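What follows is the content of work_35.pdb (PDB, C-alpha atoms).
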```pdb
ATOM      1  CA  MET A   1      -6.828 -23.499  -3.917
ATOM      2  CA  ALA A   2      -7.632 -21.544  -7.067
ATOM      3  CA  GLU A   3     -10.906 -19.676  -7.122
ATOM      4  CA  GLN A   4     -13.474 -21.603  -9.125
ATOM      5  CA  VAL A   5     -14.376 -19.375 -12.055
ATOM      6  CA  PRO A   6     -15.667 -20.241 -15.524
ATOM      7  CA  PRO A   7     -12.652 -20.917 -17.760
ATOM      8  CA  THR A   8     -13.467 -18.421 -20.490
ATOM      9  CA  ARG A   9     -11.475 -15.865 -22.450
ATOM     10  CA  MET A  10     -13.382 -13.075 -20.729
ATOM     11  CA  ALA A  11     -12.476 -14.419 -17.288
ATOM     12  CA  LEU A  12      -8.847 -14.765 -18.379
ATOM     13  CA  GLN A  13      -8.741 -11.115 -19.492
ATOM     14  CA  THR A  14     -10.470  -9.981 -16.274
ATOM     15  CA  TYR A  15      -7.998 -11.751 -14.017
ATOM     16  CA  LYS A  16      -5.050 -10.484 -16.031
ATOM     17  CA  GLN A  17      -6.294  -6.958 -15.353
ATOM     18  CA  LYS A  18      -6.751  -7.822 -11.661
ATOM     19  CA  LYS A  19      -3.187  -9.113 -11.490
ATOM     20  CA  ALA A  20      -1.835  -5.960 -13.147
ATOM     21  CA  GLY A  21      -3.809  -3.786 -10.716
ATOM     22  CA  ALA A  22      -2.663  -5.825  -7.710
ATOM     23  CA  LYS A  23       0.997  -5.559  -8.755
ATOM     24  CA  LYS A  24       0.660  -1.826  -9.302
ATOM     25  CA  GLY A  25      -0.930  -1.437  -5.883
ATOM     26  CA  TYR A  26       1.814  -3.571  -4.346
ATOM     27  CA  ASP A  27       4.533  -1.409  -5.897
ATOM     28  CA  LEU A  28       2.884   1.811  -4.697
ATOM     29  CA  LEU A  29       2.352   0.480  -1.159
ATOM     30  CA  LYS A  30       5.933  -0.800  -1.080
ATOM     31  CA  LYS A  31       7.227   2.658  -1.970
ATOM     32  CA  LYS A  32       4.922   4.183   0.630
ATOM     33  CA  ALA A  33       6.185   1.751   3.272
ATOM     34  CA  ASP A  34       9.801   2.585   2.417
ATOM     35  CA  ALA A  35       9.076   6.326   2.696
ATOM     36  CA  LEU A  36       7.316   5.810   6.032
ATOM     37  CA  LYS A  37      10.204   3.712   7.349
ATOM     38  CA  ALA A  38      12.713   6.418   6.442
ATOM     39  CA  ARG A  39      10.584   9.086   8.112
ATOM     40  CA  PHE A  40      10.004   6.791  11.089
ATOM     41  CA  ARG A  41      13.747   6.448  11.642
ATOM     42  CA  ASP A  42      14.132  10.213  11.381
ATOM     43  CA  PHE A  43      11.492  10.680  14.076
ATOM     44  CA  ALA A  44      13.268   8.177  16.323
ATOM     45  CA  LYS A  45      16.571  10.022  15.933
ATOM     46  CA  GLU A  46      14.927  13.388  16.604
ATOM     47  CA  ILE A  47      13.177  12.034  19.715
ATOM     48  CA  TYR A  48      16.442  10.648  21.064
ATOM     49  CA  LYS A  49      18.212  13.941  20.436
ATOM     50  CA  THR A  50      15.367  16.031  21.897
ATOM     51  CA  LYS A  51      15.153  13.903  25.039
ATOM     52  CA  GLY A  52      18.854  14.424  25.626
ATOM     53  CA  SER A  53      18.511  18.191  25.361
ATOM     54  CA  MET A  54      15.336  18.092  27.487
ATOM     55  CA  SER A  55      17.176  16.405  30.337
ATOM     56  CA  GLU A  56      19.834  19.082  30.365
ATOM     57  CA  SER A  57      17.340  21.932  29.943
ATOM     58  CA  CYS A  58      15.081  20.551  32.678
ATOM     59  CA  SER A  59      17.901  20.355  35.212
ATOM     60  CA  THR A  60      19.049  23.871  34.273
ATOM     61  CA  ALA A  61      15.514  25.283  34.567
ATOM     62  CA  TYR A  62      14.847  23.808  37.994
ATOM     63  CA  PHE A  63      18.282  24.867  39.213
ATOM     64  CA  SER A  64      17.450  28.429  38.113
ATOM     65  CA  LEU A  65      14.113  28.133  39.971
ATOM     66  CA  THR A  66      15.966  27.192  43.133
ATOM     67  CA  ALA A  67      18.330  30.130  42.654
ATOM     68  CA  ALA A  68      15.388  32.492  42.089
ATOM     69  CA  GLN A  69      13.627  31.265  45.224
ATOM     70  CA  TYR A  70      16.817  31.731  47.205
ATOM     71  CA  ALA A  71      17.225  35.291  45.906
ATOM     72  CA  ALA A  72      13.570  36.458  45.916
ATOM     73  CA  GLY A  73      12.000  34.136  48.424
ATOM     74  CA  ASP A  74       9.013  31.876  47.791
ATOM     75  CA  PHE A  75       7.081  33.616  44.986
ATOM     76  CA  LYS A  76       4.976  30.614  43.945
ATOM     77  CA  THR A  77       1.996  31.886  45.953
ATOM     78  CA  LYS A  78       2.028  35.209  44.118
ATOM     79  CA  VAL A  79       2.128  33.431  40.764
ATOM     80  CA  LEU A  80      -0.729  31.074  41.664
ATOM     81  CA  GLU A  81      -2.890  33.815  43.149
ATOM     82  CA  GLY A  82      -2.270  36.275  40.336
ATOM     83  CA  ASN A  83      -4.806  36.793  37.551
ATOM     84  CA  PHE A  84      -2.431  36.212  34.642
ATOM     85  CA  VAL A  85      -3.055  35.342  30.998
ATOM     86  CA  ALA A  86      -0.671  32.969  29.289
ATOM     87  CA  ASN A  87       1.603  34.680  26.818
ATOM     88  CA  VAL A  88       2.473  31.340  25.130
ATOM     89  CA  ARG A  89      -0.071  28.880  23.717
ATOM     90  CA  VAL A  90       0.112  25.676  21.704
ATOM     91  CA  THR A  91      -1.759  25.024  18.461
ATOM     92  CA  GLY A  92      -2.207  21.802  16.552
ATOM     93  CA  GLN A  93      -1.767  21.307  12.810
ATOM     94  CA  THR A  94      -1.478  18.355  10.453
ATOM     95  CA  ASP A  95       1.311  17.421   8.085
ATOM     96  CA  ASN A  96       0.977  15.005   5.163
ATOM     97  CA  ILE A  97       3.711  12.392   4.783
ATOM     98  CA  ALA A  98       3.145   9.820   2.011
ATOM     99  CA  GLY A  99      -0.613  10.154   2.411
ATOM    100  CA  VAL A 100      -0.522   9.885   6.218
ATOM    101  CA  LYS A 101      -1.781  12.826   8.261
ATOM    102  CA  ILE A 102       0.679  13.546  11.062
ATOM    103  CA  PRO A 103      -0.276  15.852  13.973
ATOM    104  CA  VAL A 104       2.178  18.673  14.615
ATOM    105  CA  PHE A 105       2.197  20.939  17.687
ATOM    106  CA  ARG A 106       3.550  24.478  17.509
ATOM    107  CA  GLN A 107       3.699  27.186  20.127
ATOM    108  CA  TYR A 108       2.956  30.843  19.529
ATOM    109  CA  GLU A 109       2.942  33.999  21.610
ATOM    110  CA  THR A 110      -0.373  35.597  22.478
ATOM    111  CA  GLY A 111       1.075  39.073  22.865
ATOM    112  CA  GLN A 112       0.228  39.326  26.575
ATOM    113  CA  ASP A 113       2.802  41.182  28.645
ATOM    114  CA  PRO A 114       4.307  39.207  31.536
ATOM    115  CA  PRO A 115       3.620  40.486  35.070
ATOM    116  CA  ASP A 116       6.140  43.027  36.324
ATOM    117  CA  ASN A 117       5.187  43.067  40.010
ATOM    118  CA  ILE A 118       7.090  39.891  40.893
ATOM    119  CA  GLY A 119      10.670  40.408  41.956
ATOM    120  CA  LEU A 120      10.481  44.168  42.317
ATOM    121  CA  ALA A 121      11.808  44.075  45.846
ATOM    122  CA  LYS A 122      14.611  41.616  45.260
ATOM    123  CA  GLY A 123      15.651  38.772  42.989
ATOM    124  CA  GLY A 124      14.184  40.243  39.800
ATOM    125  CA  ARG A 125      17.133  39.244  37.649
ATOM    126  CA  LYS A 126      17.064  35.659  38.901
ATOM    127  CA  ILE A 127      13.325  35.437  38.257
ATOM    128  CA  ASN A 128      13.783  36.659  34.680
ATOM    129  CA  GLU A 129      16.536  34.095  34.155
ATOM    130  CA  CYS A 130      14.242  31.415  35.563
ATOM    131  CA  LYS A 131      11.473  32.523  33.206
ATOM    132  CA  ASP A 132      13.823  32.312  30.208
ATOM    133  CA  LYS A 133      14.997  28.844  31.213
ATOM    134  CA  PHE A 134      11.450  27.526  31.566
ATOM    135  CA  THR A 135      10.453  29.158  28.279
ATOM    136  CA  ALA A 136      13.241  27.230  26.561
ATOM    137  CA  LEU A 137      12.162  24.067  28.391
ATOM    138  CA  LEU A 138       8.576  24.613  27.238
ATOM    139  CA  SER A 139       9.720  24.824  23.623
ATOM    140  CA  ILE A 140      11.567  21.528  23.969
ATOM    141  CA  LEU A 141       8.549  19.873  25.626
ATOM    142  CA  VAL A 142       6.221  21.027  22.844
ATOM    143  CA  LYS A 143       8.660  19.741  20.225
ATOM    144  CA  LEU A 144       8.994  16.418  22.036
ATOM    145  CA  ALA A 145       5.215  16.052  22.359
ATOM    146  CA  SER A 146       4.832  16.714  18.631
ATOM    147  CA  LEU A 147       7.567  14.212  17.752
ATOM    148  CA  GLN A 148       6.222  11.474  19.996
ATOM    149  CA  THR A 149       2.655  11.930  18.731
ATOM    150  CA  SER A 150       3.910  11.834  15.143
ATOM    151  CA  PHE A 151       6.030   8.795  15.986
ATOM    152  CA  ILE A 152       3.027   6.869  17.331
ATOM    153  CA  THR A 153       0.847   7.875  14.370
ATOM    154  CA  MET A 154       3.602   6.907  11.943
ATOM    155  CA  ASP A 155       4.050   3.563  13.677
ATOM    156  CA  GLU A 156       0.345   2.722  13.297
ATOM    157  CA  ALA A 157       0.324   3.804   9.648
ATOM    158  CA  LEU A 158       3.449   1.755   8.964
ATOM    159  CA  LYS A 159       1.881  -1.349  10.528
ATOM    160  CA  VAL A 160      -1.261  -0.960   8.412
ATOM    161  CA  THR A 161       0.784  -0.415   5.243
ATOM    162  CA  ASN A 162       2.992  -3.437   5.945
ATOM    163  CA  ARG A 163      -0.082  -5.596   6.530
ATOM    164  CA  ARG A 164      -1.496  -4.508   3.182
ATOM    165  CA  VAL A 165       1.811  -5.148   1.427
ATOM    166  CA  ASN A 166       2.067  -8.625   2.966
ATOM    167  CA  ALA A 167      -1.557  -9.388   2.093
ATOM    168  CA  LEU A 168      -0.992  -8.435  -1.543
ATOM    169  CA  GLU A 169       2.319 -10.283  -1.770
ATOM    170  CA  ASN A 170       1.362 -13.481   0.060
ATOM    171  CA  VAL A 171      -2.408 -13.792  -0.444
ATOM    172  CA  THR A 172      -3.986 -11.706  -3.187
ATOM    173  CA  ILE A 173      -1.403 -11.970  -5.974
ATOM    174  CA  PRO A 174      -0.732 -15.735  -5.468
ATOM    175  CA  ARG A 175      -4.495 -16.379  -5.456
ATOM    176  CA  ILE A 176      -4.922 -14.463  -8.727
ATOM    177  CA  GLU A 177      -1.954 -16.314 -10.248
ATOM    178  CA  LYS A 178      -3.454 -19.674  -9.261
ATOM    179  CA  THR A 179      -6.772 -18.668 -10.811
ATOM    180  CA  LEU A 180      -4.988 -17.575 -13.996
ATOM    181  CA  SER A 181      -3.109 -20.870 -14.087
ATOM    182  CA  TYR A 182      -6.384 -22.775 -13.674
ATOM    183  CA  ILE A 183      -8.122 -20.809 -16.440
ATOM    184  CA  THR A 184      -5.128 -21.157 -18.781
ATOM    185  CA  SER A 185      -4.873 -24.924 -18.231
ATOM    186  CA  GLU A 186      -8.609 -25.365 -18.795
ATOM    187  CA  LEU A 187      -8.511 -23.296 -21.977
ATOM    188  CA  ASP A 188      -5.493 -25.283 -23.234
ATOM    189  CA  GLU A 189      -7.369 -28.505 -22.523
ATOM    190  CA  LEU A 190     -10.388 -27.215 -24.420
ATOM    191  CA  GLU A 191      -8.155 -26.248 -27.346
ATOM    192  CA  ARG A 192      -6.612 -29.719 -27.377
ATOM    193  CA  GLU A 193     -10.060 -31.281 -27.319
ATOM    194  CA  ASP A 194     -11.214 -29.024 -30.153
ATOM    195  CA  PHE A 195      -8.090 -29.861 -32.155
ATOM    196  CA  THR A 196      -8.631 -33.581 -31.634
ATOM    197  CA  ARG A 197     -12.302 -33.296 -32.563
ATOM    198  CA  LEU A 198     -11.528 -31.261 -35.671
ATOM    199  CA  LYS A 199      -8.859 -33.759 -36.671
ATOM    200  CA  LYS A 200     -11.310 -36.610 -36.304
ATOM    201  CA  VAL A 201     -13.913 -34.723 -38.323
ATOM    202  CA  LYS A 202     -11.326 -33.982 -40.995
ATOM    203  CA  ASP A 203     -10.279 -37.652 -41.121
ATOM    204  CA  GLN A 204     -13.895 -38.719 -41.409
ATOM    205  CA  ASN A 205     -14.527 -36.191 -44.168
ATOM    206  CA  SER A 206     -11.390 -37.417 -45.956
ATOM    207  CA  LYS A 207     -12.542 -41.027 -45.686
ATOM    208  CA  ARG A 208     -15.973 -40.095 -46.939
ATOM    209  CA  ALA A 209     -14.457 -38.181 -49.847
ATOM    210  CA  GLU A 210     -12.197 -41.128 -50.713
ATOM    211  CA  THR A 211     -15.137 -43.516 -50.502
ATOM    212  CA  ALA A 212     -17.265 -41.274 -52.684
ATOM    213  CA  GLN A 213     -14.448 -40.854 -55.174
ATOM    214  CA  LYS A 214     -13.846 -44.592 -55.255
ATOM    215  CA  ALA A 215     -17.535 -45.238 -55.722
ATOM    216  CA  ALA A 216     -17.646 -42.703 -58.536
ATOM    217  CA  LYS A 217     -14.702 -44.364 -60.261
ATOM    218  CA  GLU A 218     -16.318 -47.781 -59.903
ATOM    219  CA  ALA A 219     -19.597 -46.433 -61.245
ATOM    220  CA  GLN A 220     -17.781 -44.813 -64.152
ATOM    221  CA  ALA A 221     -15.918 -48.016 -64.891
ATOM    222  CA  LEU A 222     -19.150 -50.012 -64.705
ATOM    223  CA  GLY A 223     -20.842 -47.580 -67.106
ATOM    224  CA  VAL A 224     -18.000 -47.949 -69.632
ATOM    225  CA  ASP A 225     -18.231 -51.745 -69.487
ATOM    226  CA  MET A 226     -21.985 -51.644 -70.033
ATOM    227  CA  LEU A 227     -21.587 -49.386 -73.094
ATOM    228  CA  ALA A 228     -18.956 -51.711 -74.566
ATOM    229  CA  GLY A 229     -21.257 -54.717 -74.098
ATOM    230  CA  ASN A 230     -24.152 -53.007 -75.844
ATOM    231  CA  ASP A 231     -21.943 -52.198 -78.867
ATOM    232  CA  GLN A 232     -20.910 -55.819 -79.203
ATOM    233  CA  ASP A 233     -24.520 -56.992 -79.070
ATOM    234  CA  GLN A 234     -25.500 -54.609 -81.871
ATOM    235  CA  ASP A 235     -22.618 -55.867 -84.068
ATOM    236  CA  VAL A 236     -23.745 -59.493 -83.615
ATOM    237  CA  MET A 237     -27.361 -58.692 -84.559
ATOM    238  CA  MET A 238     -26.354 -56.978 -87.774
TER     239      MET A 238
END
```
Can you present the structure in this file as structure tokens?
Amino acid sequence: MAEQVPPTRMALQTYKQKKAGAKKGYDLLKKKADALKARFRDFAKEIYKTKGSMSESCSTAYFSLTAAQYAAGDFKTKVLEGNFVANVRVTGQTDNIAGVKIPVFRQYETGQDPPDNIGLAKGGRKINECKDKFTALLSILVKLASLQTSFITMDEALKVTNRRVNALENVTIPRIEKTLSYITSELDELEREDFTRLKKVKDQNSKRAETAQKAAKEAQALGVDMLAGNDQDQDVMM
């Protein structure tokens, strides 16, 4: 049902501007949704690829841990009891994609030297290999966490954008068009009524003018007859 508004020229101009603004917003949101969909698919592909490499890297890392434990013995207790500072940390940043802020995780080195007292007796080479494997696995895990967080954020933003696009396309713009149609039809009806009224007034004025003209002619003719009668009466008297 069209919104009940006064059918005036001002209202017609206002709703034309609203329709232009709604269509412009629809076009911009549609482009934004397309950009988000493309980026969303890229994230899905990257997640699939990263998970595949994570599976392989995880198995390799834990196999190297088993080899290191076989060569150097159980060194987990020394690692847990040691007062070590992490030489790798993770920081969070934000990236802007089509107006959507996406969280991004990146790892960086703190500059702390790794402990050298583990594996001095035996198995040092295997422990270093194990450390390298888990460092590579950590990089993949950080990348995967960043991708999955971005994927979820992108999914929510895409849902919101699609809802706005659908609302503009199926609700807002049709409602404005119905209101414009209502105002236009009412204004056309008023114009027809004004035209009919003006035509009637013109016909009445024409009839009045014809009547006045006819009356003037009759009065003129009557005046001529009266003058002619007076002349005849004067001739008879003389």
Given the file shown, enumerate the residues that the PyMOL selection byres ((chain A and resi 147) around 12) captures and present them as a VMD selection string. chain A and resid 39 to 51 95 102 to 106 140 to 146 148 to 155
Selection to disk with C-alpha atoms, as a short mmCIF file (atom, residue, chain, number, x, y, z; two decimals), in the frame of the given file:
```cif
data_model
loop_
_atom_site.label_atom_id
_atom_site.label_comp_id
_atom_site.auth_asym_id
_atom_site.auth_seq_id
_atom_site.Cartn_x
_atom_site.Cartn_y
_atom_site.Cartn_z
CA ARG A 39 10.58 9.09 8.11
CA PHE A 40 10.00 6.79 11.09
CA ARG A 41 13.75 6.45 11.64
CA ASP A 42 14.13 10.21 11.38
CA PHE A 43 11.49 10.68 14.08
CA ALA A 44 13.27 8.18 16.32
CA LYS A 45 16.57 10.02 15.93
CA GLU A 46 14.93 13.39 16.60
CA ILE A 47 13.18 12.03 19.72
CA TYR A 48 16.44 10.65 21.06
CA LYS A 49 18.21 13.94 20.44
CA THR A 50 15.37 16.03 21.90
CA LYS A 51 15.15 13.90 25.04
CA ASP A 95 1.31 17.42 8.09
CA ILE A 102 0.68 13.55 11.06
CA PRO A 103 -0.28 15.85 13.97
CA VAL A 104 2.18 18.67 14.62
CA PHE A 105 2.20 20.94 17.69
CA ARG A 106 3.55 24.48 17.51
CA ILE A 140 11.57 21.53 23.97
CA LEU A 141 8.55 19.87 25.63
CA VAL A 142 6.22 21.03 22.84
CA LYS A 143 8.66 19.74 20.23
CA LEU A 144 8.99 16.42 22.04
CA ALA A 145 5.22 16.05 22.36
CA SER A 146 4.83 16.71 18.63
CA GLN A 148 6.22 11.47 20.00
CA THR A 149 2.66 11.93 18.73
CA SER A 150 3.91 11.83 15.14
CA PHE A 151 6.03 8.80 15.99
CA ILE A 152 3.03 6.87 17.33
CA THR A 153 0.85 7.88 14.37
CA MET A 154 3.60 6.91 11.94
CA ASP A 155 4.05 3.56 13.68
#
```
What lies within 9 Å of Glu109 (chain A) using all atoms listed in the file, ignoring chain neighbours under 3 positions off, as a list in words?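 Result of the neighbour search: Ala86, Asn87, Val88, Arg89, Val90 and Gln112 of chain A.
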Expected file: the selected residues, C-alpha atoms, as a PDB file, in the frame of the given file:
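In the end it all went to selection_35.pdb:
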```pdb
ATOM      1  CA  ALA A  86      -0.671  32.969  29.289  1.00  0.00           C
ATOM      2  CA  ASN A  87       1.603  34.680  26.818  1.00  0.00           C
ATOM      3  CA  VAL A  88       2.473  31.340  25.130  1.00  0.00           C
ATOM      4  CA  ARG A  89      -0.071  28.880  23.717  1.00  0.00           C
ATOM      5  CA  VAL A  90       0.112  25.676  21.704  1.00  0.00           C
ATOM      6  CA  GLN A 112       0.228  39.326  26.575  1.00  0.00           C
TER       7      GLN A 112
END
```
Test item: the PyMOL selection byres ((chain A and resi 7) around 6) resolved as a list in words: Pro6, Thr8 and Ile183 of chain A
Check the smallest atom-to-atom distance from each of A:Glu56, A:Glu156, A:Glu193, A:Asp132 to Val100 (chain A) using all atoms listed in the file, then report the winner.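 Nearest candidate to Val100 (chain A) out of A:Glu56, A:Glu156, A:Glu193, A:Asp132: A:Glu156.
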Interatomic distance (Å, one decimal) between CA of Val171 (chain A) and CA of Ala33 (chain A):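 So the two atoms, CA of Val171 (chain A) and CA of Ala33 (chain A), lie 18.1 Å apart.
Atom pair CA of Cys130 (chain A) / CA of Leu65 (chain A): separated by 5.5 Å.
If you look at CA of Phe195 (chain A) and CA of Glu177 (chain A), they are 26.5 Å away from each other.
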At a cut-off of 10 Å, using only C-alpha atoms, what residues contact Ala61 (chain A)? Leave out same-chain residues fewer than 5 positions from it and give the result as a list in words.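 So, after excluding close chain neighbours, the residues are Ser55, Glu56, Thr66, Ala67, Glu129, Cys130, Lys131, Asp132, Lys133, Phe134, Thr135, Ala136 and Leu137 of chain A.
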Contacts of Asp34 (chain A) at 10 Å (only C-alpha atoms; same-chain gap of 5+ positions) as a tab-separated table (two decimals) with C-alpha atoms, in the frame of the given file:
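What ended up in result-v6.tsv:
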```tsv
chain	number	residue	atom	x	y	z
A	28	LEU	CA	2.88	1.81	-4.70
A	29	LEU	CA	2.35	0.48	-1.16
A	39	ARG	CA	10.58	9.09	8.11
A	40	PHE	CA	10.00	6.79	11.09
A	98	ALA	CA	3.14	9.82	2.01
A	158	LEU	CA	3.45	1.76	8.96
A	161	THR	CA	0.78	-0.42	5.24
A	162	ASN	CA	2.99	-3.44	5.94
```
Could I see region 130-151 of chain A restored to N, CA, C and O atoms, set down as a JSON list (two decimals), keeping the file's coordinate frame?
```json
[["chain", "number", "residue", "atom", "x", "y", "z"],
["A", 130, "CYS", "N", 15.05, 32.63, 35.38],
["A", 130, "CYS", "CA", 14.24, 31.42, 35.56],
["A", 130, "CYS", "C", 13.15, 31.34, 34.50],
["A", 130, "CYS", "O", 12.87, 30.28, 33.94],
["A", 131, "LYS", "N", 12.52, 32.50, 34.22],
["A", 131, "LYS", "CA", 11.47, 32.52, 33.21],
["A", 131, "LYS", "C", 12.05, 32.15, 31.83],
["A", 131, "LYS", "O", 11.42, 31.37, 31.08],
["A", 132, "ASP", "N", 13.21, 32.64, 31.49],
["A", 132, "ASP", "CA", 13.82, 32.31, 30.21],
["A", 132, "ASP", "C", 14.17, 30.82, 30.11],
["A", 132, "ASP", "O", 13.97, 30.20, 29.06],
["A", 133, "LYS", "N", 14.65, 30.27, 31.22],
["A", 133, "LYS", "CA", 15.00, 28.84, 31.21],
["A", 133, "LYS", "C", 13.75, 27.98, 31.02],
["A", 133, "LYS", "O", 13.77, 27.01, 30.26],
["A", 134, "PHE", "N", 12.67, 28.32, 31.70],
["A", 134, "PHE", "CA", 11.45, 27.53, 31.57],
["A", 134, "PHE", "C", 10.77, 27.75, 30.21],
["A", 134, "PHE", "O", 10.10, 26.86, 29.70],
["A", 135, "THR", "N", 10.96, 28.93, 29.64],
["A", 135, "THR", "CA", 10.45, 29.16, 28.28],
["A", 135, "THR", "C", 11.17, 28.25, 27.28],
["A", 135, "THR", "O", 10.54, 27.66, 26.38],
["A", 136, "ALA", "N", 12.48, 28.14, 27.43],
["A", 136, "ALA", "CA", 13.24, 27.23, 26.56],
["A", 136, "ALA", "C", 12.83, 25.79, 26.80],
["A", 136, "ALA", "O", 12.71, 24.99, 25.85],
["A", 137, "LEU", "N", 12.60, 25.43, 28.08],
["A", 137, "LEU", "CA", 12.16, 24.07, 28.39],
["A", 137, "LEU", "C", 10.79, 23.79, 27.79],
["A", 137, "LEU", "O", 10.53, 22.68, 27.29],
["A", 138, "LEU", "N", 9.91, 24.79, 27.82],
["A", 138, "LEU", "CA", 8.58, 24.61, 27.24],
["A", 138, "LEU", "C", 8.67, 24.35, 25.74],
["A", 138, "LEU", "O", 7.94, 23.50, 25.20],
["A", 139, "SER", "N", 9.55, 25.05, 25.07],
["A", 139, "SER", "CA", 9.72, 24.82, 23.62],
["A", 139, "SER", "C", 10.17, 23.39, 23.34],
["A", 139, "SER", "O", 9.68, 22.74, 22.41],
["A", 140, "ILE", "N", 11.09, 22.90, 24.15],
["A", 140, "ILE", "CA", 11.57, 21.53, 23.97],
["A", 140, "ILE", "C", 10.46, 20.53, 24.25],
["A", 140, "ILE", "O", 10.29, 19.52, 23.54],
["A", 141, "LEU", "N", 9.65, 20.78, 25.29],
["A", 141, "LEU", "CA", 8.55, 19.87, 25.63],
["A", 141, "LEU", "C", 7.50, 19.83, 24.52],
["A", 141, "LEU", "O", 6.97, 18.76, 24.19],
["A", 142, "VAL", "N", 7.18, 20.99, 23.95],
["A", 142, "VAL", "CA", 6.22, 21.03, 22.84],
["A", 142, "VAL", "C", 6.77, 20.27, 21.64],
["A", 142, "VAL", "O", 6.04, 19.49, 20.98],
["A", 143, "LYS", "N", 8.04, 20.46, 21.34],
["A", 143, "LYS", "CA", 8.66, 19.74, 20.23],
["A", 143, "LYS", "C", 8.66, 18.24, 20.47],
["A", 143, "LYS", "O", 8.35, 17.44, 19.56],
["A", 144, "LEU", "N", 8.97, 17.84, 21.71],
["A", 144, "LEU", "CA", 8.99, 16.42, 22.04],
["A", 144, "LEU", "C", 7.60, 15.81, 21.96],
["A", 144, "LEU", "O", 7.43, 14.68, 21.46],
["A", 145, "ALA", "N", 6.58, 16.55, 22.45],
["A", 145, "ALA", "CA", 5.22, 16.05, 22.36],
["A", 145, "ALA", "C", 4.79, 15.86, 20.91],
["A", 145, "ALA", "O", 4.14, 14.87, 20.55],
["A", 146, "SER", "N", 5.16, 16.82, 20.05],
["A", 146, "SER", "CA", 4.83, 16.71, 18.63],
["A", 146, "SER", "C", 5.53, 15.52, 18.00],
["A", 146, "SER", "O", 4.93, 14.75, 17.23],
["A", 147, "LEU", "N", 6.81, 15.33, 18.33],
["A", 147, "LEU", "CA", 7.57, 14.21, 17.75],
["A", 147, "LEU", "C", 7.03, 12.86, 18.21],
["A", 147, "LEU", "O", 6.89, 11.93, 17.40],
["A", 148, "GLN", "N", 6.70, 12.75, 19.49],
["A", 148, "GLN", "CA", 6.22, 11.47, 20.00],
["A", 148, "GLN", "C", 4.83, 11.14, 19.44],
["A", 148, "GLN", "O", 4.55, 9.99, 19.11],
["A", 149, "THR", "N", 3.97, 12.16, 19.33],
["A", 149, "THR", "CA", 2.66, 11.93, 18.73],
["A", 149, "THR", "C", 2.79, 11.52, 17.27],
["A", 149, "THR", "O", 2.11, 10.59, 16.80],
["A", 150, "SER", "N", 3.67, 12.20, 16.54],
["A", 150, "SER", "CA", 3.91, 11.83, 15.14],
["A", 150, "SER", "C", 4.52, 10.44, 15.04],
["A", 150, "SER", "O", 4.19, 9.68, 14.13],
["A", 151, "PHE", "N", 5.39, 10.11, 15.98],
["A", 151, "PHE", "CA", 6.03, 8.80, 15.99],
["A", 151, "PHE", "C", 4.99, 7.68, 16.16],
["A", 151, "PHE", "O", 5.02, 6.67, 15.44]]
```
